[in-house]
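*Asks:* Pasting in a structure now, in structure tokens, and then I'll have a few things to ask.
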Amino acid sequence: MQFYQKTKYLYEAIFTFIEKEASTKSLVFLRVGLGLIAILKFLVYSPNFLDFHGQYGMVPWAISKASIYPFLPHIGDVAIWLSDLTGQSLDAATYTLYFIFLGACLSFIVGFLTRLSSIICFFLHLCLIYAASGYMYGIDVFTQIGFFYCIFFPMGSNYSVDNALRLQKVIHRSAEAGILKRIIQFQLCLIYFSTAIEKGMGSQWWNGEAIWRTFMLPTFKHFDFGWMAHIPALPLVMGWSILLIEFVYIFLVWIPKYRTIAVLSVVSMHLGIGFFMGMWLFAGIMICFNLFAFGEEILVDIRAFSFKKKPNRFFFSFTNWSRETA
Amino acid sequence: MNRFRRGILLFHFAIVLFTVGHLHEVVKHPLVTGLLDTYSSFSYTNRCFGFFSPGVNDDLKVQIKAYGKDTTQVIPSYFPDDNYIQRLRVRTMFAHFAENLEESTMGLYSRGWGLYVINQNPEIQRVDILVQQNGIPSMAAYRAGQRIVASNFYSTQIETAGD
């Protein structure tokens with residue numbers, strides 16, 4: 001019986017924490033950030049779109065389709081269907097789908113038919129990345145994660161065209177906004193923690209070679225970092241710093257006193273990735289996720305600090321739960 | 001939030017934790033693997049996020065030479081490289097090409113590249129593909145004077161069926 005009570009207590013505590021209300025402004029931030037990045041990442045190679053996603057692109061549909069599960073959506077399948085329906089050529093149908101995707105992203109950003117837009121974005125983005133699985137990297141994975149979560153939450157509940165057209169009631173704070181924030185928070189914590197552990201299992205991140213090699217790889221080479229070989233302590237410290245930043249993130253972001261430092265460290269790391277490796281879009285989406293997940297809390301922490309209020313020392317507040325169960 | 005939605009949330013994070021914790025490598029039941037793969041294929045949330053882990057591998061570069069009937073004359077061909085992001089995508093493709101060091105995957109990619117180049121110009125009849133690996137020296141070796149060395153990794157020839 002005692003075990004049952006304790007389990008129930010823990011269950012309620014966990015969900016009180018997860019279901020804590022949050023401002024829907026943060027949903028607007030994610031909506032705009034995610035939508036803009038999704039558009040940008042395709043616009044940068046828009047003139048060569050068919051070289052990447054077309055039937056006879058660098059990885060032809062026959063090959064990209066063969067390398068995924070048969071039940072997964074592929075832009076080729078949808079383009080063939082659209083081509084049969086409209087009489088367009090396959091290339092024209094592929095472009096049509098691309099423009100539908102861009103339109104859905106714009107609609108998602110401004111919050112017009114937000115739920116439908118997010119579903120279209122999710123589906124077409126999935127189709128597009130499966131046709132381009134050969135060129136896929138972190139930005140595509142995180143954009144897809146973002147669209148996947150957005151399907152289930154009321155992204156258009158504030159500052160949206162849906163509000164203006166009265167298709168959606170304006171909501172300033174909601175439990176749904178809080179739940180999505182918690183989900184992204186957990187996801188980020190798991191990502192950084194697991195990547196820190198996996199990096200730590202190799203020797204390159206401990207002896208500085210990983211940083212050295214990253215800077216020297218022709219793929220990412222923006223500057224000549226040959227001089228770094230003569231100051232081996234520098235890549236060594238940088239490697240350790242990255243391990244430390246990623247490893248402690250999962251612990252520090254729940255402690256108001258250290259949260260700002262933890263998030264700013266990770267944001268700086270991503271800015272570094274953007275600047276030194278040229279992966280600006282990847283950096284952008286990671287920063288967007290971090291600011292969405294912890295931005296509101298950081299603002300509260302900073303306000304508390306500037307008014308010299310004592311910040312909450314506990315990982316999370318049980319206030320709501322106590323009120324509910326009293 | 002009702003119990004159903006709470007259940008979905010717990011299920012979701014159970015799956016994410018299962019994958020991130022590499023438990024799928026221990027529990028290899030086809031049902032579990034199928035469920036995890038399917039969920040990952042749509043949501044992308046349950047994946048092992050190991051950026052540059054455990055280490056940073058050498059990268060690859062691809063040289064393509066296209067020929068017509070006259071095999072002494074190289075016909076210009078290209079991979080898109082209008083901007084850095086395009087180049088990054090193309091380089092990512094080279095990395096995926098050698099990801100599992102499977103001959104069949106490399107064969108598929110190279111045939112795709114061959115076809116892509118052949119489609120650029122109707123005169124092209126033969127495409128020679130040479131993939132090279134950039135060997136990055138260690139810091140100590142670099143100090144001793146060693147520099148990045150490109151070594152041959154894979155090569156193939158794609159030809160059209162002929163006249």
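Ordered as shown in the structure tokens, chains take letters A, B, and onward, while each chain numbers its residues from 1 and ligands are numbered from 1 in the order shown.
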Write out as a VMD selection string each polymer residue whose atoms come within 7 Å of Ser23 of chain A, counting only C-alpha atoms; drop sequence neighbours fewer than 5 positions from it.

*Replies:* chain A and resid 172 to 174 177

*Asks:* With N, CA and C atoms kept, could you save the residues just selected as a PDB file, in the first residue's frame?

*Replies:*
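Done, and the output landed in result-v8.pdb:
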ATOM      1  N   HIS A 172      -3.353  32.915 -23.795  1.00  0.00           N
ATOM      2  CA  HIS A 172      -2.066  33.508 -23.411  1.00  0.00           C
ATOM      3  C   HIS A 172      -1.176  32.530 -22.660  1.00  0.00           C
ATOM      4  N   ARG A 173      -1.787  31.703 -21.856  1.00  0.00           N
ATOM      5  CA  ARG A 173      -1.007  30.677 -21.147  1.00  0.00           C
ATOM      6  C   ARG A 173      -1.777  29.364 -21.237  1.00  0.00           C
ATOM      7  N   SER A 174      -1.030  28.294 -21.426  1.00  0.00           N
ATOM      8  CA  SER A 174      -1.740  27.019 -21.487  1.00  0.00           C
ATOM      9  C   SER A 174      -0.841  25.873 -21.027  1.00  0.00           C
ATOM     10  N   ALA A 177       1.255  24.462 -23.946  1.00  0.00           N
ATOM     11  CA  ALA A 177       2.529  25.147 -24.215  1.00  0.00           C
ATOM     12  C   ALA A 177       3.597  24.637 -23.256  1.00  0.00           C
TER      13      ALA A 177
END

*Asks:* Show me, as a ChimeraX atom specification, the residues that have an atom within 12 Å of Glu99 of chain B when counting only C-alpha atoms, minus same-chain residues fewer than 5 positions from it.

*Replies:* /A:134 /B:57-60,92-94,104-106,109

*Asks:* Go ahead and write the selection's residues with C-alpha atoms as a PDB file, in the first residue's frame.

*Replies:*
ATOM      1  CA  GLY A 134      21.954  10.723 -49.073  1.00  0.00           C
TER       2      GLY A 134
ATOM      3  CA  ASN B  57      36.615  10.511 -39.286  1.00  0.00           C
ATOM      4  CA  ASP B  58      38.592  11.437 -42.379  1.00  0.00           C
ATOM      5  CA  ASP B  59      36.422  12.981 -45.071  1.00  0.00           C
ATOM      6  CA  LEU B  60      36.133  12.047 -48.731  1.00  0.00           C
ATOM      7  CA  THR B  92      27.554  14.808 -46.581  1.00  0.00           C
ATOM      8  CA  MET B  93      26.556  12.574 -49.489  1.00  0.00           C
ATOM      9  CA  PHE B  94      30.173  11.431 -49.801  1.00  0.00           C
ATOM     10  CA  SER B 104      26.703  -2.528 -52.456  1.00  0.00           C
ATOM     11  CA  THR B 105      25.903   0.933 -51.028  1.00  0.00           C
ATOM     12  CA  MET B 106      28.985   2.431 -52.636  1.00  0.00           C
ATOM     13  CA  TYR B 109      25.778   5.770 -54.995  1.00  0.00           C
TER      14      TYR B 109
END

*Asks:* Residues of chain B within 7 Å of chain A, counting only C-alpha atoms, what are they? List them as a PyMOL selection string.

*Replies:* chain B and resi 20+43-45+49-51+53-56+59+80+85-86+88-93+96+108-109+112-113+116+136+138-139+142-143

*Asks:* Write out as a VMD selection string each polymer residue whose atoms come within 9 Å of segment 103-114 of chain A, counting only C-alpha atoms; drop sequence neighbours fewer than 5 positions from it.

*Replies:* chain A and resid 28 31 to 36 38 to 39 98 119 to 121 151 154 to 163 165 167

*Asks:* As a ChimeraX atom specification, please: every residue in segment 2-144 of chain B that a backbone DSSP assignment puts in alpha helix (DSSP H).

*Replies:* /B:3-20,30-43,84-97,103-118,139-143

*Asks:* May I have the residues within 12 Å of Pro122 of chain B as a ChimeraX atom specification, using only C-alpha atoms and disregarding those fewer than 2 positions away in the same chain?

*Replies:* /B:66-69,75,77,115-120,124-126,160,162

*Asks:* Output C-alpha atoms of each residue in that selection to a file, as an mmCIF file, in the first residue's frame.

*Replies:*
data_model
loop_
_atom_site.group_PDB
_atom_site.id
_atom_site.type_symbol
_atom_site.label_atom_id
_atom_site.label_comp_id
_atom_site.auth_asym_id
_atom_site.auth_seq_id
_atom_site.Cartn_x
_atom_site.Cartn_y
_atom_site.Cartn_z
ATOM 1 C CA ALA B 66 33.284 12.384 -68.168
ATOM 2 C CA TYR B 67 34.187 11.320 -71.694
ATOM 3 C CA GLY B 68 32.412 11.084 -75.020
ATOM 4 C CA LYS B 69 33.426 8.864 -77.937
ATOM 5 C CA ILE B 75 33.703 16.755 -71.030
ATOM 6 C CA SER B 77 30.613 17.961 -65.595
ATOM 7 C CA LEU B 115 23.709 8.611 -64.226
ATOM 8 C CA TYR B 116 23.531 12.176 -62.927
ATOM 9 C CA VAL B 117 26.609 13.191 -64.921
ATOM 10 C CA ILE B 118 25.503 11.333 -68.073
ATOM 11 C CA ASN B 119 22.216 13.287 -67.949
ATOM 12 C CA GLN B 120 24.141 16.568 -68.007
ATOM 13 C CA ILE B 124 28.852 11.722 -72.409
ATOM 14 C CA GLN B 125 29.356 7.993 -72.797
ATOM 15 C CA ARG B 126 31.702 7.133 -69.990
ATOM 16 C CA THR B 160 26.274 4.028 -71.392
ATOM 17 C CA GLY B 162 26.439 2.347 -76.480
#

*Asks:* Per DSSP on the backbone, what are the strand (DSSP E or B) residues of segment 21-95 of chain B, as a ChimeraX atom specification?

*Replies:* /B:59-67,74-75

*Asks:* Store the residues picked out above in a file with N, CA and C atoms, as an mmCIF file, in the first residue's frame.

*Replies:*
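The file below, again28.cif, is the result:
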data_model
loop_
_atom_site.group_PDB
_atom_site.id
_atom_site.type_symbol
_atom_site.label_atom_id
_atom_site.label_comp_id
_atom_site.auth_asym_id
_atom_site.auth_seq_id
_atom_site.Cartn_x
_atom_site.Cartn_y
_atom_site.Cartn_z
ATOM 1 N N ASP B 59 37.508 12.764 -44.107
ATOM 2 C CA ASP B 59 36.422 12.981 -45.071
ATOM 3 C C ASP B 59 36.840 12.535 -46.470
ATOM 4 N N LEU B 60 35.889 12.568 -47.383
ATOM 5 C CA LEU B 60 36.133 12.047 -48.731
ATOM 6 C C LEU B 60 35.963 13.147 -49.765
ATOM 7 N N LYS B 61 36.644 12.980 -50.865
ATOM 8 C CA LYS B 61 36.389 13.866 -52.019
ATOM 9 C C LYS B 61 36.226 12.984 -53.247
ATOM 10 N N VAL B 62 35.442 13.481 -54.175
ATOM 11 C CA VAL B 62 35.139 12.675 -55.359
ATOM 12 C C VAL B 62 35.595 13.420 -56.611
ATOM 13 N N GLN B 63 36.334 12.716 -57.450
ATOM 14 C CA GLN B 63 36.740 13.289 -58.741
ATOM 15 C C GLN B 63 35.958 12.571 -59.833
ATOM 16 N N ILE B 64 35.343 13.376 -60.696
ATOM 17 C CA ILE B 64 34.553 12.769 -61.770
ATOM 18 C C ILE B 64 35.082 13.256 -63.109
ATOM 19 N N LYS B 65 35.342 12.318 -63.985
ATOM 20 C CA LYS B 65 35.767 12.698 -65.337
ATOM 21 C C LYS B 65 34.815 12.051 -66.331
ATOM 22 N N ALA B 66 34.255 12.903 -67.192
ATOM 23 C CA ALA B 66 33.284 12.384 -68.168
ATOM 24 C C ALA B 66 33.901 12.436 -69.561
ATOM 25 N N TYR B 67 33.638 11.400 -70.341
ATOM 26 C CA TYR B 67 34.187 11.320 -71.694
ATOM 27 C C TYR B 67 33.078 11.006 -72.691
ATOM 28 N N VAL B 74 38.142 15.320 -72.019
ATOM 29 C CA VAL B 74 37.243 15.332 -70.855
ATOM 30 C C VAL B 74 36.106 16.321 -71.097
ATOM 31 N N ILE B 75 34.868 15.865 -70.885
ATOM 32 C CA ILE B 75 33.703 16.755 -71.030
ATOM 33 C C ILE B 75 33.379 17.333 -69.652
#

*Asks:* Hey, can you check how far atom CA of Gly178 of chain A sits from atom CA of Ser26 of chain A?

*Replies:*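 So the answer is 9.2 Å.
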
*Asks:* Between atom CA of Pro70 of chain A and atom CA of Ser41 of chain B, what is the spacing in Å?

*Replies:*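 Computing it gives 11.4 Å between the two atoms.
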
*Asks:* Give the answer as one residue: which of B:Thr38, B:Thr33, B:Phe18, B:Phe52 has the shortest atom-to-atom distance to Ile242 of chain A, using only C-alpha atoms?

*Replies:*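 Ranking B:Thr38, B:Thr33, B:Phe18, B:Phe52 by distance to Ile242 of chain A, first place goes to B:Phe52.
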
*Asks:* Within 8 Å of Thr260 of chain A, counting only C-alpha atoms, which residues show up once you throw out same-chain ones fewer than 6 positions away? Write them as a PyMOL selection string, please.

*Replies:* chain A and resi 253+298+301
